[in-house]
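Undergrad: First, the structure itself, so that you have it in front of you.
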Amino acid sequence: MKKLLFSAAAITAGLIAAASADDASYRLPPKEITDIVLRAPAPSVSLSPNGKTMLLLERESLPPVSELAKPMERLAGLRLDAATNDNFNPRNYVGLKLQDVETGEVRTVSLPANADIADQNWSPDGRYVAFTNTTADNMALYVLDVESGRAREVLKSGINPIFHEPRWLPDGRLLILTIPEGRGAKPEQPLTPKGPAIQEAVGGQDAQTRTYQDLLKDQYDEDLFKWLVTSQPMVMQANGRGKKVIGEPRIYTGASPSPNGKYLLMDWIAEPFSYQVPYYRFPTVTTVWTLDGKAVQTIAEQPLADNLPVQGVITGRRSIRWHPEEDALLIWAEALDGGDPRVETDTRDQLMSLAAPFSGEPSKLHVFEDRYNGFTGLEGDDDIIAYDYDRDTREIRTALLDVTGSNEARVIEVRNYQDAYNDPGDPMTVLNDAGFGVAHVHEGKIFLSGGGAAPDGARPFLRSFDLASFETEELWRNSGEEYETVIDLAADDASSFVTYYESPTDPGNYRLHKEDGMTFLTEFPDPHPELTGIKRELITYERSDGVQLTSTLYLPADYEEGDKLPVVVWAYPYEYNDAATAGQVRDSKYRFTRIGGYSQLFFLTQGYAVMDRAAMPVIGSDPETVNDTFIEQIVASAQAAVDESVRRGFGDGYRVGVGGHSYGAFMTAHLLARSDIFRAGIARSGAYNRTLTPFGFQSERRIFWDTPETYYKLSPFMAANLINEPMLMTHGMKDNNSGTFPQQSERMFAAIKGTGGTARLVMLPHESHGYRGRESVLHVLAEMVDWFDTYVKNADAE
């Protein structure tokens, strides 16, 4: 069984004792930070499909590192827990409550001690919630009856949710993947391997792959992978009775019922496996079966996809899925350009369909100019809204397609997806009777919810969109000194809807809007009342080349006009085609300042000003060469941010530190090497040597051998001798993010040290790209505060 959480006082005392006993032990930040980090967050909220009930999922504070230290199998791009036959994760949710939307009545759901809730899934009618509960060595399936409030165990053990959560069938039964009976004992790693691990390149064909991690390494890994992920589909009634297996055990990655409930679309992985790419590039088979377990038709067989061009797609049938409002109609995309985005062509993809019994010739629904990017079904309609995307212009095209008729496709809009000011919003969706998410339709209209970005700050909205005339009507827009966004509709005509509401003093709660007024549905408390009064402001300023930049400025609660504070600039670079979209304001000054985890905003408790999400745009009309001026543009943006801190009077221009996570860490190293703007930097989970990611990184399309000089210039490792300001680096020892191997920070530290620079490297046991263990989070915050206190706050003007 999992251990109970210790009290905050006990944790604090233990960590202090450890820190005093050994400098290499976990450390604590100042008490005011520790207290906030160890506080449990507010529950997550899920609204039932019928809009009558809210499911409150209670969370705990950060898990101890001991949970992350449990045995982990790292296989084919997955991280698995062999003891529970699940994905490797610390505890998710620890408690459930049901709240009636109309009356506000709250009922607590009785659960086993030390519950670990995951995989929750509403039935389409809102009567039930399926979920799993995990113990130290087992996972059980439960069904919660919303009316009675009782959760019943319907499968004691044997569920295999690695690729597929429990799903409701149209007839009210559950579809699950289980561990096959008689699969045998877990494979044992031999002391003497069967033989060497061999990989081969035949030649004559490019095989450009990103620097993936956690890949298969040898025959034992293959055997263990198959043992863990092989599953057996099963259907059962909501009460646990009537269990029936379908087909035979395979490595199923998907099992989706047709809307009429007669068929199952089954996807599984075939051999041979690869040691170069993750599981989702392994050979796959897609077939249709009946609910009685009879094979109907093979829809697609895809070979190993280990030779895709960068940002390319497979050839043949891909993205195969059911039309959510037809009885049994499959829709898929096929590449017309060989899957290679570098090919010059007027038509890149086509959309095809095939209806039951799946033995005829497929029908061509539409031909796309650019790469197909999915579709949204419409409630009670055979039409769909389909999307295609141009990676060069960043334009996304939205079109209304008549799937079963003969009407021509109608383009709804074409826009740069980064153009937040003209974002029309996303369709509000509902679960149809078959359990598929579709855009809600009322009297020929759908409803769109959007962020409402604008020059004076974001103002979320709710709009109706007429599917016949394409006319839009705004029904509601956020106003006042608050930030509120629509979460779900509570009435068919959108006259009633649920929002997530926050303000500078309200931490975030759910609110029901009706024609006769508004009612708060939740009353979650302030997670850190001791920080009440923190000042938040959206600021805009110009770069030297005229590009408008933005940042969210935070000032401590006790800040007084004219005070000169040490400043933290925290950022993450993004690429844009033009300056107009790069300079758009996407935040709101009326949001609540929420601080948790290892956030840089904790510097506010220590007397710093924080320029958060300081814009670092890298702008270029040609995506192929935009990174050629990466360094010059981020240096100019950083200088503009510091100049603005001086102009506004809260900064003195020299006590300034810079930091970032992942690509932001990469940025930080460049700024310290290529400028003298900052006194010190903090770089978390970064990549610093681009020759170790030779087949592209971030949005870089060229490979190393196309432009070695660019890869060299964009590697701060190559400029380690120029980093003459102190740099703190933190990195999880089990980082699984593509490109940010732990070795990246280890070698960068050695380079700085070897060339006479000042650096500190903190490698966090059992942590990945982001940090989750409470001891790790507290230690990282202690390191960050100490680093900037030493090298920024107390720095002297030169």
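Chain labels run A, B, ... following the order of the structure tokens; each chain numbers its residues from 1, and ligands are numbered from 1 in the order shown.
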Write down as a VMD selection string the residues belonging to range 422-665 of chain A that are assigned strand (DSSP E) by DSSP computed on the backbone.

TA: chain A and resid 426 to 427 429 to 431 437 to 439 441 to 442 445 to 450 461 to 466 472 to 477 483 to 489 497 to 502 509 to 514 517 to 520 535 to 542 548 to 555 565 to 570 574 to 576 609 to 612 617 to 619 651 to 661

Undergrad: Write out as a list in words all residues of range 45-165 of chain A that DSSP puts in alpha helix (DSSP H) for this structure's backbone.

TA: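 Here are the alpha helix (DSSP H) residues of range 45-165 of chain A: Val65, Ser66, Glu67 and Leu68 of chain A.
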
Undergrad: Have a look at CA of Phe749 in chain A and CA of Tyr598 in chain A and let me know their distance in Å, one decimal.

TA: 21.7 Å

Undergrad: Which polymer residues have any atom within 8 Å of an atom of Pro742 in chain A, counting only C-alpha atoms, with same-chain residues fewer than 2 positions away left out, as a list of chain:residue names?

TA: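 Contacts, with the query itself left out: A:Ser685, A:His731, A:Gly732, A:Met733, A:Lys734, A:Asp735, A:Thr740, A:Gln744, A:Ser745, A:Glu746.
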
Undergrad: Please produce a file of the residues just selected, as a PDB file, in the first residue's frame, where the atoms kept are all heavy atoms.

TA:
ATOM      1  N   SER A 685      16.774  21.974 -17.111  1.00  0.00           N
ATOM      2  CA  SER A 685      16.457  20.904 -18.071  1.00  0.00           C
ATOM      3  C   SER A 685      16.691  21.332 -19.509  1.00  0.00           C
ATOM      4  O   SER A 685      15.830  21.171 -20.371  1.00  0.00           O
ATOM      5  CB  SER A 685      15.000  20.448 -17.893  1.00  0.00           C
ATOM      6  OG  SER A 685      14.776  19.972 -16.595  1.00  0.00           O
ATOM      7  N   HIS A 731      18.736  19.581 -13.580  1.00  0.00           N
ATOM      8  CA  HIS A 731      18.319  18.612 -14.595  1.00  0.00           C
ATOM      9  C   HIS A 731      17.880  17.327 -13.919  1.00  0.00           C
ATOM     10  O   HIS A 731      18.510  16.865 -12.960  1.00  0.00           O
ATOM     11  CB  HIS A 731      19.481  18.300 -15.550  1.00  0.00           C
ATOM     12  CG  HIS A 731      19.037  18.027 -16.956  1.00  0.00           C
ATOM     13  ND1 HIS A 731      19.469  18.752 -18.043  1.00  0.00           N
ATOM     14  CD2 HIS A 731      18.155  17.117 -17.460  1.00  0.00           C
ATOM     15  CE1 HIS A 731      18.900  18.292 -19.145  1.00  0.00           C
ATOM     16  NE2 HIS A 731      18.105  17.294 -18.813  1.00  0.00           N
ATOM     17  N   GLY A 732      16.780  16.748 -14.369  1.00  0.00           N
ATOM     18  CA  GLY A 732      16.341  15.458 -13.873  1.00  0.00           C
ATOM     19  C   GLY A 732      17.208  14.345 -14.444  1.00  0.00           C
ATOM     20  O   GLY A 732      17.496  14.317 -15.631  1.00  0.00           O
ATOM     21  N   MET A 733      17.617  13.421 -13.574  1.00  0.00           N
ATOM     22  CA  MET A 733      18.482  12.337 -14.023  1.00  0.00           C
ATOM     23  C   MET A 733      17.772  11.375 -14.976  1.00  0.00           C
ATOM     24  O   MET A 733      18.418  10.611 -15.688  1.00  0.00           O
ATOM     25  CB  MET A 733      19.009  11.556 -12.816  1.00  0.00           C
ATOM     26  CG  MET A 733      20.028  12.297 -11.988  1.00  0.00           C
ATOM     27  SD  MET A 733      20.654  11.233 -10.667  1.00  0.00           S
ATOM     28  CE  MET A 733      21.863  12.332  -9.902  1.00  0.00           C
ATOM     29  N   LYS A 734      16.432  11.408 -14.994  1.00  0.00           N
ATOM     30  CA  LYS A 734      15.662  10.536 -15.879  1.00  0.00           C
ATOM     31  C   LYS A 734      14.842  11.353 -16.870  1.00  0.00           C
ATOM     32  O   LYS A 734      13.733  10.987 -17.237  1.00  0.00           O
ATOM     33  CB  LYS A 734      14.747   9.616 -15.065  1.00  0.00           C
ATOM     34  CG  LYS A 734      15.498   8.601 -14.219  1.00  0.00           C
ATOM     35  CD  LYS A 734      14.539   7.684 -13.472  1.00  0.00           C
ATOM     36  CE  LYS A 734      15.295   6.648 -12.648  1.00  0.00           C
ATOM     37  NZ  LYS A 734      14.368   5.768 -11.885  1.00  0.00           N
ATOM     38  N   ASP A 735      15.418  12.450 -17.337  1.00  0.00           N
ATOM     39  CA  ASP A 735      14.742  13.296 -18.324  1.00  0.00           C
ATOM     40  C   ASP A 735      14.448  12.472 -19.574  1.00  0.00           C
ATOM     41  O   ASP A 735      15.347  11.873 -20.157  1.00  0.00           O
ATOM     42  CB  ASP A 735      15.647  14.476 -18.675  1.00  0.00           C
ATOM     43  CG  ASP A 735      14.943  15.542 -19.492  1.00  0.00           C
ATOM     44  OD1 ASP A 735      13.957  15.216 -20.191  1.00  0.00           O
ATOM     45  OD2 ASP A 735      15.377  16.705 -19.450  1.00  0.00           O
ATOM     46  N   THR A 740      16.775  16.665 -24.677  1.00  0.00           N
ATOM     47  CA  THR A 740      17.342  17.206 -23.433  1.00  0.00           C
ATOM     48  C   THR A 740      17.872  16.072 -22.549  1.00  0.00           C
ATOM     49  O   THR A 740      17.485  15.908 -21.404  1.00  0.00           O
ATOM     50  CB  THR A 740      16.307  18.046 -22.667  1.00  0.00           C
ATOM     51  OG1 THR A 740      15.124  17.264 -22.452  1.00  0.00           O
ATOM     52  CG2 THR A 740      15.951  19.305 -23.431  1.00  0.00           C
ATOM     53  N   GLN A 744      23.377  16.540 -21.539  1.00  0.00           N
ATOM     54  CA  GLN A 744      23.503  17.902 -22.050  1.00  0.00           C
ATOM     55  C   GLN A 744      23.974  18.854 -20.953  1.00  0.00           C
ATOM     56  O   GLN A 744      24.871  19.672 -21.159  1.00  0.00           O
ATOM     57  CB  GLN A 744      22.153  18.367 -22.605  1.00  0.00           C
ATOM     58  CG  GLN A 744      21.732  17.716 -23.909  1.00  0.00           C
ATOM     59  CD  GLN A 744      22.253  18.461 -25.127  1.00  0.00           C
ATOM     60  OE1 GLN A 744      23.012  19.430 -25.019  1.00  0.00           O
ATOM     61  NE2 GLN A 744      21.844  18.028 -26.301  1.00  0.00           N
ATOM     62  N   SER A 745      23.366  18.760 -19.758  1.00  0.00           N
ATOM     63  CA  SER A 745      23.771  19.651 -18.665  1.00  0.00           C
ATOM     64  C   SER A 745      25.116  19.242 -18.084  1.00  0.00           C
ATOM     65  O   SER A 745      25.924  20.095 -17.687  1.00  0.00           O
ATOM     66  CB  SER A 745      22.701  19.642 -17.565  1.00  0.00           C
ATOM     67  OG  SER A 745      21.540  20.327 -17.983  1.00  0.00           O
ATOM     68  N   GLU A 746      25.357  17.947 -18.022  1.00  0.00           N
ATOM     69  CA  GLU A 746      26.641  17.474 -17.468  1.00  0.00           C
ATOM     70  C   GLU A 746      27.811  17.982 -18.299  1.00  0.00           C
ATOM     71  O   GLU A 746      28.819  18.461 -17.756  1.00  0.00           O
ATOM     72  CB  GLU A 746      26.644  15.950 -17.412  1.00  0.00           C
ATOM     73  CG  GLU A 746      25.650  15.377 -16.417  1.00  0.00           C
ATOM     74  CD  GLU A 746      25.463  13.882 -16.544  1.00  0.00           C
ATOM     75  OE1 GLU A 746      25.822  13.307 -17.607  1.00  0.00           O
ATOM     76  OE2 GLU A 746      24.951  13.274 -15.594  1.00  0.00           O
TER      77      GLU A 746
END

Undergrad: Report as a list in words all protein, DNA and RNA residues lying within 8 Å of range 45-49 of chain A, evaluated on only C-alpha atoms, omitting residues in the same chain fewer than 5 positions from it.

TA: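 Surrounding residues, per the criterion: Met54, Leu55, Leu56, Leu57, Trp122, Ser123, Pro124, Asp125, Gly126, Val430, Leu431 and Asp488 of chain A.
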
Undergrad: Produce a file of the selected residues containing all heavy atoms, as a CSV table (one decimal), in the first residue's frame.

TA:
chain,number,residue,atom,x,y,z
A,54,MET,N,-21.3,17.9,-11.0
A,54,MET,CA,-19.8,18.2,-11.1
A,54,MET,C,-19.1,17.1,-10.3
A,54,MET,O,-19.5,16.8,-9.2
A,54,MET,CB,-19.5,19.6,-10.5
A,54,MET,CG,-20.1,20.7,-11.3
A,54,MET,SD,-19.8,22.3,-10.5
A,54,MET,CE,-18.0,22.4,-10.5
A,55,LEU,N,-18.1,16.5,-10.9
A,55,LEU,CA,-17.2,15.6,-10.2
A,55,LEU,C,-16.0,16.3,-9.7
A,55,LEU,O,-15.3,16.9,-10.5
A,55,LEU,CB,-16.8,14.4,-11.1
A,55,LEU,CG,-16.0,13.3,-10.5
A,55,LEU,CD1,-16.7,12.5,-9.5
A,55,LEU,CD2,-15.4,12.4,-11.6
A,56,LEU,N,-15.8,16.4,-8.4
A,56,LEU,CA,-14.7,17.1,-7.8
A,56,LEU,C,-13.6,16.0,-7.5
A,56,LEU,O,-13.8,15.1,-6.7
A,56,LEU,CB,-15.1,17.8,-6.5
A,56,LEU,CG,-16.3,18.7,-6.6
A,56,LEU,CD1,-16.5,19.4,-5.3
A,56,LEU,CD2,-16.0,19.8,-7.7
A,57,LEU,N,-12.5,16.1,-8.1
A,57,LEU,CA,-11.4,15.2,-7.9
A,57,LEU,C,-10.3,15.8,-7.1
A,57,LEU,O,-9.6,16.8,-7.5
A,57,LEU,CB,-10.8,14.8,-9.3
A,57,LEU,CG,-11.8,14.1,-10.3
A,57,LEU,CD1,-12.1,15.1,-11.4
A,57,LEU,CD2,-11.2,12.8,-10.8
A,122,TRP,N,-16.9,9.6,-17.9
A,122,TRP,CA,-18.3,9.7,-17.8
A,122,TRP,C,-19.0,8.8,-18.8
A,122,TRP,O,-18.6,8.7,-20.0
A,122,TRP,CB,-18.8,11.1,-18.0
A,122,TRP,CG,-18.5,12.0,-16.9
A,122,TRP,CD1,-17.5,12.9,-16.8
A,122,TRP,CD2,-19.4,12.3,-15.7
A,122,TRP,NE1,-17.6,13.7,-15.6
A,122,TRP,CE2,-18.8,13.3,-15.0
A,122,TRP,CE3,-20.6,11.7,-15.3
A,122,TRP,CZ2,-19.3,13.8,-13.8
A,122,TRP,CZ3,-21.1,12.1,-14.1
A,122,TRP,CH2,-20.5,13.2,-13.3
A,123,SER,N,-20.1,8.2,-18.4
A,123,SER,CA,-21.0,7.5,-19.4
A,123,SER,C,-21.7,8.7,-20.2
A,123,SER,O,-21.9,9.8,-19.6
A,123,SER,CB,-22.0,6.6,-18.7
A,123,SER,OG,-22.8,7.3,-17.9
A,124,PRO,N,-22.1,8.5,-21.4
A,124,PRO,CA,-22.7,9.5,-22.2
A,124,PRO,C,-23.9,10.2,-21.6
A,124,PRO,O,-24.2,11.3,-21.8
A,124,PRO,CB,-23.0,8.9,-23.5
A,124,PRO,CG,-22.0,7.7,-23.6
A,124,PRO,CD,-21.8,7.3,-22.2
A,125,ASP,N,-24.7,9.4,-20.8
A,125,ASP,CA,-25.9,9.9,-20.2
A,125,ASP,C,-25.7,10.6,-18.9
A,125,ASP,O,-26.6,11.1,-18.2
A,125,ASP,CB,-27.0,8.8,-20.1
A,125,ASP,CG,-26.5,7.6,-19.2
A,125,ASP,OD1,-25.4,7.7,-18.6
A,125,ASP,OD2,-27.2,6.6,-19.2
A,126,GLY,N,-24.4,10.6,-18.4
A,126,GLY,CA,-24.1,11.2,-17.1
A,126,GLY,C,-24.5,10.4,-15.9
A,126,GLY,O,-24.4,10.9,-14.8
A,430,VAL,N,-20.1,18.3,-26.9
A,430,VAL,CA,-20.9,17.4,-26.0
A,430,VAL,C,-20.6,16.0,-26.4
A,430,VAL,O,-20.0,15.7,-27.5
A,430,VAL,CB,-22.4,17.7,-26.2
A,430,VAL,CG1,-22.7,19.1,-25.7
A,430,VAL,CG2,-22.8,17.5,-27.6
A,431,LEU,N,-20.9,15.1,-25.5
A,431,LEU,CA,-20.9,13.7,-25.8
A,431,LEU,C,-22.2,13.3,-26.5
A,431,LEU,O,-23.3,13.5,-25.9
A,431,LEU,CB,-20.7,12.8,-24.6
A,431,LEU,CG,-19.3,12.7,-24.0
A,431,LEU,CD1,-19.2,11.8,-22.8
A,431,LEU,CD2,-18.2,12.3,-25.0
A,488,ASP,N,-18.3,25.1,-20.2
A,488,ASP,CA,-19.3,24.1,-20.7
A,488,ASP,C,-20.6,24.8,-20.8
A,488,ASP,O,-20.9,25.9,-20.2
A,488,ASP,CB,-19.4,22.9,-19.8
A,488,ASP,CG,-19.7,21.7,-20.6
A,488,ASP,OD1,-20.3,21.8,-21.7
A,488,ASP,OD2,-19.4,20.6,-20.1

Undergrad: To one decimal in Å, tell me the separation between CA of Ala494 in chain A and CA of Ser464 in chain A.

TA: 8.7 Å

Undergrad: Would you mind listing, for every residue of range 123-222 of chain A within 12 Å of range 273-289 of chain A, the two atoms forming the shortest contact and the distance between them in Å to one decimal, using only C-alpha atoms, sorted by chain and ascending residue number, as JSON lines?

TA:
{"residue": "A:Phe163", "atom": "CA", "partner": "A:Tyr280", "partner_atom": "CA", "distance": 10.9}
{"residue": "A:Ala197", "atom": "CA", "partner": "A:Tyr275", "partner_atom": "CA", "distance": 9.1}
{"residue": "A:Ile198", "atom": "CA", "partner": "A:Tyr275", "partner_atom": "CA", "distance": 9.1}
{"residue": "A:Gln199", "atom": "CA", "partner": "A:Tyr275", "partner_atom": "CA", "distance": 7.5}
{"residue": "A:Glu200", "atom": "CA", "partner": "A:Tyr275", "partner_atom": "CA", "distance": 10.4}
{"residue": "A:Ala201", "atom": "CA", "partner": "A:Gln276", "partner_atom": "CA", "distance": 11.2}
{"residue": "A:Ala207", "atom": "CA", "partner": "A:Gln276", "partner_atom": "CA", "distance": 9.8}
{"residue": "A:Gln208", "atom": "CA", "partner": "A:Gln276", "partner_atom": "CA", "distance": 10.0}
{"residue": "A:Thr209", "atom": "CA", "partner": "A:Val277", "partner_atom": "CA", "distance": 7.2}
{"residue": "A:Arg210", "atom": "CA", "partner": "A:Val277", "partner_atom": "CA", "distance": 8.3}
{"residue": "A:Thr211", "atom": "CA", "partner": "A:Gln276", "partner_atom": "CA", "distance": 8.7}
{"residue": "A:Tyr212", "atom": "CA", "partner": "A:Val277", "partner_atom": "CA", "distance": 6.7}
{"residue": "A:Gln213", "atom": "CA", "partner": "A:Pro278", "partner_atom": "CA", "distance": 8.2}
{"residue": "A:Asp214", "atom": "CA", "partner": "A:Pro278", "partner_atom": "CA", "distance": 8.1}
{"residue": "A:Leu215", "atom": "CA", "partner": "A:Tyr275", "partner_atom": "CA", "distance": 5.9}
{"residue": "A:Leu216", "atom": "CA", "partner": "A:Tyr275", "partner_atom": "CA", "distance": 5.0}
{"residue": "A:Lys217", "atom": "CA", "partner": "A:Tyr275", "partner_atom": "CA", "distance": 5.8}
{"residue": "A:Asp218", "atom": "CA", "partner": "A:Tyr275", "partner_atom": "CA", "distance": 7.8}
{"residue": "A:Gln219", "atom": "CA", "partner": "A:Phe273", "partner_atom": "CA", "distance": 10.1}
{"residue": "A:Asp221", "atom": "CA", "partner": "A:Tyr275", "partner_atom": "CA", "distance": 9.8}
{"residue": "A:Glu222", "atom": "CA", "partner": "A:Phe273", "partner_atom": "CA", "distance": 7.7}

Undergrad: Keeping N, CA and C atoms, export the residues of the selection given above as a short mmCIF file (atom, residue, chain, number, x, y, z; two decimals), in the first residue's frame.

TA:
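Produced file part_9.cif, reproduced below:
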data_model
loop_
_atom_site.label_atom_id
_atom_site.label_comp_id
_atom_site.auth_asym_id
_atom_site.auth_seq_id
_atom_site.Cartn_x
_atom_site.Cartn_y
_atom_site.Cartn_z
N PHE A 163 -2.49 1.76 -22.94
CA PHE A 163 -2.85 2.45 -24.18
C PHE A 163 -4.31 2.84 -24.26
N ALA A 197 23.23 -6.69 -29.42
CA ALA A 197 22.12 -5.89 -29.97
C ALA A 197 22.59 -5.31 -31.30
N ILE A 198 21.90 -5.66 -32.37
CA ILE A 198 22.37 -5.31 -33.71
C ILE A 198 21.36 -4.39 -34.38
N GLN A 199 21.86 -3.32 -34.97
CA GLN A 199 21.05 -2.44 -35.81
C GLN A 199 21.76 -2.31 -37.15
N GLU A 200 21.01 -2.07 -38.20
CA GLU A 200 21.59 -2.07 -39.53
C GLU A 200 20.97 -0.99 -40.38
N ALA A 201 21.81 -0.29 -41.15
CA ALA A 201 21.36 0.66 -42.15
C ALA A 201 21.80 0.13 -43.50
N ALA A 207 16.94 8.20 -43.15
CA ALA A 207 16.15 7.78 -41.98
C ALA A 207 16.46 8.75 -40.86
N GLN A 208 15.83 9.91 -40.94
CA GLN A 208 16.13 11.00 -40.00
C GLN A 208 15.19 10.94 -38.81
N THR A 209 15.72 10.66 -37.64
CA THR A 209 14.89 10.54 -36.44
C THR A 209 15.39 11.51 -35.38
N ARG A 210 14.44 12.04 -34.63
CA ARG A 210 14.78 12.89 -33.50
C ARG A 210 15.53 12.07 -32.44
N THR A 211 16.09 12.74 -31.47
CA THR A 211 16.86 12.06 -30.43
C THR A 211 15.91 11.59 -29.33
N TYR A 212 15.19 10.51 -29.62
CA TYR A 212 14.24 9.97 -28.68
C TYR A 212 14.96 9.28 -27.52
N GLN A 213 14.25 9.17 -26.41
CA GLN A 213 14.80 8.51 -25.23
C GLN A 213 13.92 7.33 -24.82
N ASP A 214 14.41 6.54 -23.88
CA ASP A 214 13.68 5.39 -23.33
C ASP A 214 13.34 4.37 -24.41
N LEU A 215 14.23 4.17 -25.38
CA LEU A 215 13.97 3.25 -26.47
C LEU A 215 14.36 1.82 -26.09
N LEU A 216 13.85 0.86 -26.85
CA LEU A 216 14.28 -0.52 -26.67
C LEU A 216 15.77 -0.64 -26.96
N LYS A 217 16.44 -1.54 -26.20
CA LYS A 217 17.89 -1.66 -26.36
C LYS A 217 18.33 -3.06 -26.79
N ASP A 218 17.56 -4.08 -26.42
CA ASP A 218 18.01 -5.44 -26.69
C ASP A 218 16.81 -6.39 -26.66
N GLN A 219 17.10 -7.69 -26.80
CA GLN A 219 16.04 -8.67 -26.85
C GLN A 219 15.25 -8.74 -25.55
N ASP A 221 14.58 -6.26 -23.53
CA ASP A 221 13.64 -5.13 -23.57
C ASP A 221 12.44 -5.47 -24.45
N GLU A 222 12.67 -6.10 -25.58
CA GLU A 222 11.57 -6.49 -26.45
C GLU A 222 10.61 -7.45 -25.74
#

Undergrad: If we count only C-alpha atoms and set the cut-off at 10 Å, which residues sit around Arg586 in chain A, ignoring sequence neighbours fewer than 2 positions away in its own chain? Please answer as a PyMOL selection string.

TA: chain A and resi 420-421+451-459+538+550-551+583-584+588

Undergrad: Please produce a file of the residues just selected, as a compact mmCIF listing (two decimals), in the first residue's frame, where the atoms kept are N, CA, C and O atoms.

TA:
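Generated file (again-v9.txt):
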# COMPACT_ATOMS: atom_id res chain seq x y z
N ALA A 420 -3.60 35.49 -32.51
CA ALA A 420 -4.55 35.33 -31.41
C ALA A 420 -5.68 36.35 -31.48
O ALA A 420 -6.79 36.08 -31.03
N TYR A 421 -5.41 37.53 -32.04
CA TYR A 421 -6.44 38.56 -32.09
C TYR A 421 -7.62 38.17 -32.99
O TYR A 421 -8.73 38.66 -32.81
N GLY A 451 -10.33 32.65 -26.36
CA GLY A 451 -9.56 33.41 -25.36
C GLY A 451 -9.72 34.90 -25.46
O GLY A 451 -9.42 35.61 -24.51
N GLY A 452 -10.13 35.40 -26.61
CA GLY A 452 -10.39 36.83 -26.75
C GLY A 452 -9.17 37.71 -26.57
O GLY A 452 -9.26 38.79 -25.97
N ALA A 453 -8.03 37.29 -27.11
CA ALA A 453 -6.83 38.11 -27.00
C ALA A 453 -7.06 39.47 -27.66
O ALA A 453 -7.71 39.57 -28.71
N ALA A 454 -6.53 40.52 -27.02
CA ALA A 454 -6.71 41.87 -27.52
C ALA A 454 -5.58 42.75 -27.00
O ALA A 454 -4.92 42.39 -26.01
N PRO A 455 -5.34 43.88 -27.64
CA PRO A 455 -4.22 44.74 -27.21
C PRO A 455 -4.29 45.17 -25.75
O PRO A 455 -3.25 45.40 -25.11
N ASP A 456 -5.51 45.29 -25.20
CA ASP A 456 -5.63 45.72 -23.81
C ASP A 456 -5.80 44.54 -22.85
O ASP A 456 -6.18 44.71 -21.70
N GLY A 457 -5.54 43.33 -23.34
CA GLY A 457 -5.64 42.15 -22.48
C GLY A 457 -6.74 41.21 -22.92
O GLY A 457 -7.73 41.64 -23.53
N ALA A 458 -6.58 39.94 -22.63
CA ALA A 458 -7.52 38.92 -23.09
C ALA A 458 -8.89 39.08 -22.46
O ALA A 458 -9.01 39.34 -21.26
N ARG A 459 -9.94 38.92 -23.27
CA ARG A 459 -11.32 38.97 -22.84
C ARG A 459 -12.07 37.79 -23.46
O ARG A 459 -12.61 37.88 -24.56
N LEU A 538 0.13 43.75 -17.19
CA LEU A 538 0.59 43.45 -18.54
C LEU A 538 1.31 44.67 -19.07
O LEU A 538 0.75 45.77 -19.07
N THR A 550 5.88 41.97 -25.15
CA THR A 550 5.00 41.97 -23.98
C THR A 550 5.64 41.17 -22.86
O THR A 550 6.50 40.31 -23.07
N SER A 551 5.17 41.43 -21.66
CA SER A 551 5.58 40.67 -20.48
C SER A 551 4.52 40.87 -19.41
O SER A 551 3.81 41.88 -19.40
N GLY A 583 3.97 40.32 -31.52
CA GLY A 583 3.77 41.32 -30.49
C GLY A 583 2.39 41.33 -29.86
O GLY A 583 2.08 42.23 -29.06
N GLN A 584 1.56 40.35 -30.17
CA GLN A 584 0.20 40.35 -29.63
C GLN A 584 0.17 40.04 -28.13
O GLN A 584 0.96 39.25 -27.62
N SER A 588 -4.00 38.40 -19.40
CA SER A 588 -4.90 39.38 -18.79
C SER A 588 -4.32 39.82 -17.45
O SER A 588 -3.82 39.01 -16.68

Undergrad: Can you tell me, as an MDAnalysis selection string, what residues are no more than 12 Å from Ala491 in chain A when counting only C-alpha atoms, ignoring any on the same chain fewer than 3 positions away?

TA: chainID A and resid 49:52 428 430 440:442 447 488 494:498 512:515
